[in-house]
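J.: The file below is target08.cif, mmCIF, C-alpha atoms:
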```cif
data_query
loop_
_atom_site.label_atom_id
_atom_site.label_comp_id
_atom_site.auth_asym_id
_atom_site.auth_seq_id
_atom_site.Cartn_x
_atom_site.Cartn_y
_atom_site.Cartn_z
CA MET A 1 16.09 55.46 6.97
CA PRO A 2 15.30 57.36 3.82
CA ALA A 3 15.25 55.28 0.62
CA ARG A 4 18.37 55.72 -1.42
CA ARG A 5 17.80 57.36 -4.70
CA ALA A 6 19.11 55.47 -7.57
CA PRO A 7 21.95 57.50 -8.94
CA SER A 8 21.07 58.89 -12.33
CA ARG A 9 23.24 57.51 -15.05
CA SER A 10 25.68 60.13 -16.11
CA ARG A 11 25.98 60.63 -19.86
CA ARG A 12 29.49 61.38 -20.78
CA ALA A 13 31.19 62.07 -24.06
CA LEU A 14 33.53 59.60 -25.75
CA THR A 15 37.13 59.83 -24.83
CA LEU A 16 39.67 60.55 -27.54
CA LEU A 17 40.90 56.96 -27.35
CA GLU A 18 37.40 55.55 -27.80
CA LEU A 19 36.76 57.89 -30.68
CA LEU A 20 40.02 56.96 -32.40
CA LEU A 21 39.30 53.29 -31.92
CA ALA A 22 35.82 53.66 -33.37
CA VAL A 23 37.15 55.60 -36.36
CA ALA A 24 39.89 53.00 -36.92
CA ILE A 25 37.45 50.07 -36.79
CA THR A 26 35.00 51.83 -39.09
CA THR A 27 37.79 52.61 -41.55
CA ILE A 28 39.06 49.03 -41.55
CA VAL A 29 35.57 47.59 -42.06
CA GLY A 30 34.82 50.17 -44.77
CA LEU A 31 38.09 49.45 -46.54
CA ALA A 32 37.50 45.70 -46.40
CA MET A 33 34.01 46.12 -47.85
CA ALA A 34 35.26 48.46 -50.59
CA THR A 35 38.04 46.01 -51.50
CA ALA A 36 35.62 43.11 -51.58
CA MET A 37 33.18 45.04 -53.77
CA THR A 38 35.94 46.18 -56.13
CA ALA A 39 37.24 42.61 -56.43
CA THR A 40 33.74 41.33 -57.10
CA ALA A 41 33.12 44.01 -59.71
CA ARG A 42 36.47 43.28 -61.40
CA GLY A 43 35.73 39.56 -61.34
CA MET A 44 32.34 40.14 -62.90
CA THR A 45 33.85 42.35 -65.60
CA THR A 46 36.50 39.75 -66.42
CA ALA A 47 33.91 36.98 -66.49
CA GLY A 48 31.69 39.13 -68.69
CA ASP A 49 34.59 39.83 -71.05
CA ALA A 50 35.44 36.16 -71.29
CA ARG A 51 31.79 35.30 -71.91
CA SER A 52 31.51 37.95 -74.57
CA ALA A 53 34.75 36.73 -76.20
CA VAL A 54 33.47 33.14 -76.32
CA GLN A 55 30.18 34.30 -77.82
CA ARG A 56 31.98 36.35 -80.47
CA ALA A 57 34.21 33.39 -81.24
CA HIS A 58 31.16 31.19 -81.62
CA VAL A 59 29.51 33.68 -83.97
CA ALA A 60 32.69 33.81 -86.05
CA TYR A 61 32.85 30.01 -86.04
CA VAL A 62 29.25 29.58 -87.20
CA ARG A 63 29.67 32.17 -89.95
CA LEU A 64 32.97 30.73 -91.15
CA ARG A 65 31.48 27.25 -91.11
CA SER A 66 28.61 28.34 -93.31
CA TYR A 67 31.25 29.02 -95.97
CA THR A 68 33.67 26.20 -95.30
CA SER A 69 31.35 23.25 -94.67
CA GLN A 70 30.53 22.94 -98.37
CA ALA A 71 33.76 24.48 -99.70
CA LEU A 72 35.87 22.54 -102.14
CA ALA A 73 39.32 23.85 -101.32
CA LEU A 74 41.37 26.34 -99.41
CA LEU A 75 42.95 28.22 -102.30
CA GLN A 76 45.32 30.60 -100.61
CA ALA A 77 46.39 31.62 -97.13
CA ASP A 78 48.32 34.80 -96.56
CA PRO A 79 49.23 35.53 -92.94
CA SER A 80 49.18 39.29 -93.46
CA ARG A 81 46.01 39.52 -95.52
CA GLY A 82 43.62 36.62 -95.14
CA PHE A 83 42.60 33.52 -97.05
CA ALA A 84 40.65 32.49 -100.11
CA VAL A 85 38.22 29.60 -100.44
CA TRP A 86 36.71 27.87 -103.46
CA LEU A 87 33.09 27.78 -102.37
CA GLN A 88 31.52 25.57 -105.02
CA ASP A 89 31.85 24.54 -108.63
CA ASP A 90 28.71 26.23 -109.97
CA VAL A 91 30.18 26.42 -113.46
CA PRO A 92 31.32 22.79 -113.51
CA ALA A 93 34.78 22.59 -115.00
CA ASN A 94 36.96 21.78 -111.99
CA LYS A 95 38.18 25.33 -112.26
CA VAL A 96 37.62 28.31 -110.01
CA ASN A 97 35.40 30.95 -111.52
CA LEU A 98 35.29 34.46 -110.12
CA SER A 99 31.77 33.97 -108.77
CA GLU A 100 32.90 30.85 -106.89
CA LEU A 101 35.63 32.66 -105.01
CA ARG A 102 35.28 33.89 -101.43
CA CYS A 103 38.03 35.94 -99.85
CA PHE A 104 38.30 36.37 -96.10
CA TRP A 105 40.17 39.46 -94.97
CA PHE A 106 41.64 40.06 -91.55
CA ASP A 107 42.03 43.76 -90.82
CA ALA A 108 44.39 43.97 -87.85
CA SER A 109 43.87 47.70 -87.30
CA ALA A 110 40.07 47.42 -87.22
CA GLY A 111 40.12 43.96 -85.61
CA THR A 112 37.64 42.60 -88.13
CA LEU A 113 37.27 39.48 -90.24
CA SER A 114 35.21 40.02 -93.36
CA VAL A 115 34.22 38.05 -96.41
CA GLU A 116 34.25 39.48 -99.91
CA LEU A 117 32.62 38.09 -103.04
CA MET A 118 31.95 39.21 -106.58
CA ALA A 119 28.81 41.30 -106.97
CA LEU A 120 28.01 42.56 -110.43
CA PRO A 121 25.54 45.35 -111.19
CA ASP A 122 21.88 44.28 -111.38
CA SER A 123 21.59 46.01 -114.73
CA TRP A 124 24.00 43.55 -116.37
CA THR A 125 22.54 40.99 -118.74
CA PRO A 126 23.21 37.26 -118.14
CA GLU A 127 25.59 37.35 -121.11
CA MET A 128 27.59 40.18 -119.55
CA VAL A 129 27.72 38.33 -116.21
CA GLU A 130 28.85 35.13 -117.91
CA ALA A 131 31.54 36.96 -119.83
CA HIS A 132 32.83 38.56 -116.65
CA ASP A 133 32.77 35.33 -114.63
CA ILE A 134 36.11 34.11 -115.94
CA GLU A 135 37.97 30.94 -115.00
CA LEU A 136 40.98 31.58 -112.82
CA ASP A 137 44.33 29.87 -113.01
CA PRO A 138 44.70 27.39 -110.11
CA ASP A 139 47.95 29.10 -109.15
CA ALA A 140 46.54 32.62 -109.36
CA ASP A 141 46.89 35.14 -106.56
CA PHE A 142 43.22 34.87 -105.66
CA LEU A 143 43.36 37.63 -103.07
CA ALA A 144 44.86 40.01 -105.64
CA VAL A 145 42.15 39.02 -108.14
CA MET A 146 39.48 39.97 -105.61
CA LEU A 147 41.26 43.26 -104.94
CA ASP A 148 41.19 43.98 -108.68
CA GLN A 149 37.46 43.34 -108.72
CA ARG A 150 37.05 45.60 -105.73
CA GLY A 151 38.91 48.32 -107.61
CA LEU A 152 36.34 47.98 -110.38
CA GLY A 153 33.51 48.18 -107.86
CA TYR A 154 32.34 44.64 -108.54
CA THR A 155 32.48 43.16 -105.04
CA GLN A 156 30.55 43.26 -101.83
CA THR A 157 31.94 42.78 -98.35
CA GLU A 158 30.33 41.60 -95.16
CA ILE A 159 31.93 41.72 -91.74
CA LEU A 160 31.86 38.30 -90.08
CA THR A 161 33.23 39.26 -86.71
CA GLU A 162 34.74 42.18 -84.84
CA GLY A 163 37.06 42.60 -81.88
CA LEU A 164 39.86 40.35 -83.11
CA ASP A 165 43.43 40.79 -81.92
CA ASN A 166 44.96 38.20 -84.16
CA LEU A 167 44.13 35.61 -86.80
CA GLU A 168 46.27 32.82 -88.14
CA ILE A 169 45.53 30.20 -90.78
CA ILE A 170 47.26 26.87 -90.30
CA PHE A 171 47.33 24.01 -92.79
CA ASP A 172 49.56 21.02 -93.41
CA GLY A 173 51.95 20.83 -96.33
CA ASP A 174 53.06 23.53 -98.71
CA ASP A 175 50.01 23.86 -100.90
CA PRO A 176 46.77 24.88 -99.17
CA LYS A 177 44.79 23.58 -102.14
CA GLN A 178 45.84 20.01 -101.30
CA SER A 179 44.93 20.34 -97.65
CA ARG A 180 41.69 18.64 -96.60
CA ARG A 181 41.70 20.34 -93.24
CA PHE A 182 42.79 23.70 -91.95
CA ARG A 183 42.72 25.57 -88.69
CA VAL A 184 41.92 29.15 -87.84
CA ALA A 185 43.52 30.42 -84.65
CA LEU A 186 41.81 33.56 -83.37
CA THR A 187 42.61 35.79 -80.46
CA ILE A 188 39.59 37.72 -79.30
CA ALA A 189 40.20 41.14 -77.75
CA ALA A 190 38.92 41.85 -74.26
CA THR A 191 38.63 45.21 -72.52
CA ASP A 192 40.95 44.25 -69.67
CA SER A 193 43.78 43.26 -72.04
CA THR A 194 43.42 39.56 -71.29
CA GLU A 195 43.74 37.27 -74.29
CA ASN A 196 41.08 34.81 -75.32
CA PRO A 197 42.63 32.45 -77.84
CA VAL A 198 40.33 30.13 -79.78
CA LEU A 199 41.18 27.38 -82.24
CA MET A 200 38.72 26.39 -84.94
CA THR A 201 39.31 23.40 -87.17
CA PHE A 202 37.60 22.99 -90.49
CA GLY A 203 37.40 19.81 -92.50
CA LEU A 204 36.63 20.05 -96.19
CA VAL A 205 34.22 17.16 -96.60
CA ASN A 206 33.86 17.86 -100.33
CA HIS A 207 37.53 18.53 -100.88
CA GLN A 208 38.47 18.94 -104.54
CA PRO A 209 41.52 20.92 -105.59
CA PRO A 210 41.06 23.02 -108.74
CA ARG A 211 42.75 22.04 -111.98
CA MET B 1 2.42 61.55 -2.97
CA ARG B 2 4.15 63.03 -5.99
CA THR B 3 6.18 60.85 -8.09
CA ASN B 4 8.76 62.16 -10.47
CA ALA B 5 8.38 60.95 -14.04
CA ARG B 6 11.41 58.79 -14.64
CA THR B 7 13.33 59.46 -17.75
CA THR B 8 13.95 56.34 -19.84
CA PRO B 9 17.55 55.46 -19.34
CA THR B 10 19.66 55.08 -22.47
CA ARG B 11 20.87 51.50 -22.53
CA ALA B 12 23.11 49.47 -24.73
CA PHE B 13 21.96 46.50 -26.86
CA THR B 14 21.76 43.22 -25.04
CA LEU B 15 23.89 40.33 -26.21
CA LEU B 16 20.81 38.61 -27.64
CA GLU B 17 19.85 41.67 -29.66
CA SER B 18 23.36 42.02 -31.01
CA LEU B 19 23.46 38.34 -31.96
CA VAL B 20 20.10 38.55 -33.74
CA ALA B 21 21.22 41.64 -35.66
CA ALA B 22 24.54 40.02 -36.62
CA SER B 23 22.74 36.85 -37.73
CA LEU B 24 20.31 38.81 -39.88
CA ILE B 25 23.15 40.72 -41.55
CA GLY B 26 25.04 37.43 -42.02
CA VAL B 27 22.05 35.76 -43.68
CA VAL B 28 21.55 38.71 -46.06
CA VAL B 29 25.26 38.83 -47.00
CA LEU B 30 25.31 35.06 -47.48
CA ALA B 31 22.25 35.24 -49.76
CA VAL B 32 23.84 37.96 -51.89
CA VAL B 33 27.17 36.11 -52.15
CA SER B 34 25.37 32.85 -53.00
CA GLY B 35 23.40 34.64 -55.71
CA ILE B 36 26.55 36.10 -57.28
CA SER B 37 28.31 32.75 -57.04
CA ALA B 38 25.39 30.91 -58.64
CA ALA B 39 25.26 33.45 -61.46
CA HIS B 40 28.99 32.95 -62.06
CA THR B 41 28.61 29.19 -62.10
CA VAL B 42 25.75 29.32 -64.59
CA SER B 43 27.65 31.79 -66.76
CA PHE B 44 30.82 29.66 -66.73
CA ASP B 45 28.78 26.55 -67.48
CA GLY B 46 27.17 28.27 -70.47
CA GLN B 47 30.58 29.35 -71.72
CA LYS B 48 31.86 25.80 -71.38
CA ARG B 49 28.92 24.45 -73.36
CA ILE B 50 29.51 26.91 -76.20
CA LEU B 51 33.15 25.83 -76.37
CA ALA B 52 32.04 22.19 -76.11
CA SER B 53 29.76 22.59 -79.13
CA MET B 54 32.66 24.10 -81.09
CA ALA B 55 34.98 21.27 -80.06
CA ALA B 56 32.39 18.65 -81.04
CA ASP B 57 31.66 20.24 -84.42
CA ASP B 58 35.39 20.65 -85.06
CA LEU B 59 36.05 16.97 -84.58
CA MET B 60 33.00 15.90 -86.53
CA LEU B 61 34.07 18.04 -89.51
CA GLU B 62 37.61 16.74 -89.32
CA LEU B 63 36.41 13.13 -89.21
CA GLY B 64 34.12 13.83 -92.15
CA SER B 65 37.11 14.97 -94.19
CA LEU B 66 38.82 11.58 -93.77
CA ASP B 67 38.44 8.65 -96.14
CA TYR B 68 35.59 6.32 -95.17
CA GLY B 69 37.92 3.45 -94.36
CA VAL B 70 40.12 5.60 -92.14
CA ILE B 71 37.26 6.87 -89.97
CA TRP B 72 36.83 3.38 -88.45
CA SER B 73 40.23 3.66 -86.82
CA TYR B 74 38.91 6.53 -84.70
CA ASP B 75 36.46 4.29 -82.82
CA GLY B 76 37.47 4.67 -79.17
CA PHE B 77 39.49 7.83 -79.85
CA ASP B 78 39.76 9.76 -76.59
CA GLN B 79 41.29 13.07 -75.56
CA PRO B 80 41.03 13.64 -71.79
CA PRO B 81 40.31 17.18 -70.54
CA GLY B 82 43.21 19.52 -71.19
CA THR B 83 44.76 17.44 -73.97
CA MET B 84 42.58 18.31 -76.96
CA GLN B 85 44.32 18.49 -80.32
CA SER B 86 43.13 18.69 -83.88
CA LEU B 87 43.54 15.49 -85.89
CA ASP B 88 46.65 17.08 -87.39
CA GLY B 89 48.20 17.57 -83.96
CA GLU B 90 47.47 21.25 -83.35
CA GLY B 91 46.90 21.78 -79.62
CA TYR B 92 43.86 23.70 -78.45
CA PRO B 93 44.59 26.87 -76.42
CA PHE B 94 43.99 27.15 -72.68
CA THR B 95 40.45 28.42 -73.30
CA PHE B 96 39.52 24.78 -73.95
CA ASN B 97 41.51 23.30 -71.05
CA ALA B 98 38.46 22.15 -69.13
CA LEU B 99 37.25 20.03 -72.03
CA GLY B 100 37.97 16.60 -73.39
CA ARG B 101 36.27 14.54 -76.10
CA SER B 102 35.82 11.01 -77.34
CA VAL B 103 34.56 9.23 -80.45
CA ILE B 104 32.48 6.12 -81.01
CA VAL B 105 32.09 4.76 -84.53
CA ARG B 106 29.66 1.92 -85.25
CA GLU B 107 28.20 0.32 -88.30
CA VAL B 108 24.50 0.99 -88.86
CA ASP B 109 21.90 0.32 -91.52
CA VAL B 110 19.46 3.14 -92.10
CA VAL B 111 16.14 2.35 -93.75
CA GLU B 112 15.17 4.96 -96.30
CA PRO B 113 11.37 4.62 -96.40
CA GLU B 114 10.83 6.81 -99.45
CA ILE B 115 12.81 4.53 -101.71
CA GLY B 116 12.43 1.38 -99.61
CA ALA B 117 16.15 0.83 -99.44
CA ILE B 118 18.59 0.10 -96.70
CA VAL B 119 21.60 2.38 -96.62
CA ARG B 120 24.66 0.93 -94.97
CA GLY B 121 27.05 3.30 -93.29
CA MET B 122 28.57 4.40 -90.04
CA GLU B 123 27.25 6.41 -87.16
CA ILE B 124 29.81 8.70 -85.57
CA THR B 125 29.19 9.89 -82.04
CA VAL B 126 31.36 12.63 -80.57
CA THR B 127 31.00 13.36 -76.87
CA VAL B 128 32.58 16.37 -75.21
CA ARG B 129 33.03 16.29 -71.45
CA ASP B 130 34.68 18.11 -68.61
CA ALA B 131 36.34 16.46 -65.62
CA THR B 132 33.03 15.34 -64.14
CA VAL B 133 30.20 15.10 -66.67
CA ASP B 134 29.41 14.71 -70.36
CA LEU B 135 28.48 18.15 -71.65
CA LEU B 136 27.40 17.44 -75.19
CA THR B 137 26.94 14.59 -77.63
CA VAL B 138 26.59 14.97 -81.40
CA GLN B 139 25.95 12.24 -83.94
CA THR B 140 26.14 11.99 -87.67
CA PHE B 141 25.60 9.28 -90.24
CA ILE B 142 27.99 8.75 -93.14
CA SER B 143 26.85 6.39 -95.84
CA GLU B 144 29.19 3.79 -97.28
CA PRO B 145 30.65 5.08 -100.53
CA ALA B 146 29.52 3.32 -103.68
CA SER B 147 32.19 0.90 -104.80
#
```
Please rewrite the model in this file as structure tokens.
T.:
Amino acid sequence: MPARRAPSRSRRALTLLELLLAVAITTIVGLAMATAMTATARGMTTAGDARSAVQRAHVAYVRLRSYTSQALALLQADPSRGFAVWLQDDVPANKVNLSELRCFWFDASAGTLSVELMALPDSWTPEMVEAHDIELDPDADFLAVMLDQRGLGYTQTEILTEGLDNLEIIFDGDDPKQSRRFRVALTIAATDSTENPVLMTFGLVNHQPPR
Amino acid sequence: MRTNARTTPTRAFTLLESLVAASLIGVVVLAVVSGISAAHTVSFDGQKRILASMAADDLMLELGSLDYGVIWSYDGFDQPPGTMQSLDGEGYPFTFNALGRSVIVREVDVVEPEIGAIVRGMEITVTVRDATVDLLTVQTFISEPAS
């Protein structure tokens, strides 16, 4: 009896049903992977934004603290403009002199918080500087005074932080000068329109209202 | 006798091969996901510590602005996670929700070697924590005011 030849395996094409099934499975797996990767990427972006916002808030906090930790009083707080601080009593008289004033401006359109101080020309003699460094009335509009100096070209400004959506100064009572503590509520902007609110509290250890 | 060269038959993967391949892919995917997850955890932890340092400094500055005699009353002060407020009652926003803080005030004498004097005062310790661990502790010394 002749040995039976093993039948050669026939190679056939895929049927339409098999092909459709394969395409459907591949599509579903591909879609799932794409969704997972998109979600991961979005999550990483959001986390990165939040991290960046916290870091910016911390930078703002450290810079503001460098001014407020030794400050004597919160002189003025204007929700639409900013706030003014009596930094120190260098010309001791329990009065605010121009050189002792620091104004913090919140620019809503640029999203920046900056500090402005008097800066007189280097060419001025000490007598000229002293004559210009006048005592200010305790009830003066300190922000307007700084704006006047800016108009004369006698100030310099430094940006403390960028990317702010909102800034609010909160203090107890009616007169900021009597307040030994105040709070700065910031909202840091993020690229995905999420809000990152931060509260900073400042205690004036050397509190001394001007006379 | 002539033998015909047999063509290698095309065969499918065996179950074992498929399982090995699937396991390898699984291990690689798991490693990548673990890496991303670990990076997230570290990043979130860093964020929390930055906020913790702000919360600790906030409270320390606020306590420093109080009268010496009043600060003693804050010994044992505690704000559990999610309930932080400034001393004036302003609530912290949700960004700080994971954090809580506490205060310990104790009387200490500090020897000032340069002038050979003992300075009496208080040591304030502020600890910021989350739900499970202490994240940060800061201390400061405030000398007793001259009477």
J.: One decimal, Å: what's the distance from atom CA of Leu63 of chain B over to atom CA of Thr83 of chain B, could you say?
T.: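 That distance, rounded to one decimal, is 17.9 Å.
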J.: Evaluate the PyMOL selection byres ((chain A) within 7 of (chain B)) against this structure - the residues, as number ranges by chain, please.
T.: A: 51, 54, 180-181, 196-205
J.: Suppose a student applies the PyMOL selection byres ((chain A and resi 157-168) around 9) to this structure; what residues should they get, written as JSON, numbers by chain?
T.: {"A": [53, 56, 57, 59, 60, 63, 64, 78, 79, 80, 82, 106, 107, 108, 109, 110, 111, 112, 113, 114, 115, 116, 117, 118, 155, 156, 169, 170, 183, 184, 185, 186, 187, 188, 189, 190, 195, 197]}
J.: Which residues match the PyMOL selection byres ((chain B and resi 140) around 10) in the file above, as a list in words?
T.: Met60, Gly64, Val105, Met122, Glu123, Ile124, Thr125, Val126, Val138, Gln139, Phe141, Ile142 and Ser143 of chain B
J.: List as a ChimeraX atom specification the protein and nucleic acid residues near Gln178 of chain A, meaning an atom at most 8 Å away when only C-alpha atoms are counted, but skip any in the same chain fewer than 4 places from it.
T.: /A:73-74,173,209
J.: Just the selected residues (C-alpha atoms), exported as a compact mmCIF listing (two decimals), in the coordinates of the input, please.
T.:
```txt
# COMPACT_ATOMS: atom_id res chain seq x y z
CA ALA A 73 39.32 23.85 -101.32
CA LEU A 74 41.37 26.34 -99.41
CA GLY A 173 51.95 20.83 -96.33
CA PRO A 209 41.52 20.92 -105.59
```
J.: One decimal, Å: what's the distance from atom CA of Cys103 of chain A over to atom CA of Phe142 of chain A, could you say?
T.: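 Distance reported for this atom pair: 7.9 Å.
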J.: Could I see segment 84-100 of chain B restored to N, CA and C atoms, set down as a tab-separated table (two decimals), in the frame of the given file?
T.:
```
chain	number	residue	atom	x	y	z
B	84	MET	N	43.19	18.29	-75.63
B	84	MET	CA	42.58	18.31	-76.96
B	84	MET	C	43.53	18.83	-78.04
B	85	GLN	N	43.53	18.12	-79.15
B	85	GLN	CA	44.32	18.49	-80.32
B	85	GLN	C	43.47	18.27	-81.55
B	86	SER	N	43.79	18.99	-82.62
B	86	SER	CA	43.13	18.69	-83.88
B	86	SER	C	43.69	17.36	-84.38
B	87	LEU	N	43.04	16.78	-85.37
B	87	LEU	CA	43.54	15.49	-85.89
B	87	LEU	C	44.94	15.63	-86.47
B	88	ASP	N	45.31	16.85	-86.85
B	88	ASP	CA	46.65	17.08	-87.39
B	88	ASP	C	47.66	17.47	-86.31
B	89	GLY	N	47.25	17.38	-85.06
B	89	GLY	CA	48.20	17.57	-83.96
B	89	GLY	C	48.32	18.97	-83.42
B	90	GLU	N	47.43	19.87	-83.86
B	90	GLU	CA	47.47	21.25	-83.35
B	90	GLU	C	46.77	21.30	-81.99
B	91	GLY	N	47.48	21.73	-80.96
B	91	GLY	CA	46.90	21.78	-79.62
B	91	GLY	C	45.89	22.91	-79.47
B	92	TYR	N	44.84	22.64	-78.72
B	92	TYR	CA	43.86	23.70	-78.45
B	92	TYR	C	44.42	24.64	-77.37
B	93	PRO	N	44.08	25.92	-77.43
B	93	PRO	CA	44.59	26.87	-76.42
B	93	PRO	C	43.92	26.65	-75.06
B	94	PHE	N	44.44	27.36	-74.06
B	94	PHE	CA	43.99	27.15	-72.68
B	94	PHE	C	42.49	27.40	-72.48
B	95	THR	N	41.89	28.15	-73.39
B	95	THR	CA	40.45	28.42	-73.30
B	95	THR	C	39.67	27.11	-73.24
B	96	PHE	N	40.22	26.06	-73.87
B	96	PHE	CA	39.52	24.78	-73.95
B	96	PHE	C	40.01	23.77	-72.91
B	97	ASN	N	40.85	24.24	-71.96
B	97	ASN	CA	41.51	23.30	-71.05
B	97	ASN	C	40.57	22.42	-70.22
B	98	ALA	N	39.39	22.93	-69.97
B	98	ALA	CA	38.46	22.15	-69.13
B	98	ALA	C	37.80	21.01	-69.89
B	99	LEU	N	38.01	20.97	-71.20
B	99	LEU	CA	37.25	20.03	-72.03
B	99	LEU	C	38.07	18.88	-72.57
B	100	GLY	N	37.40	17.75	-72.71
B	100	GLY	CA	37.97	16.60	-73.39
B	100	GLY	C	36.91	16.02	-74.31
```
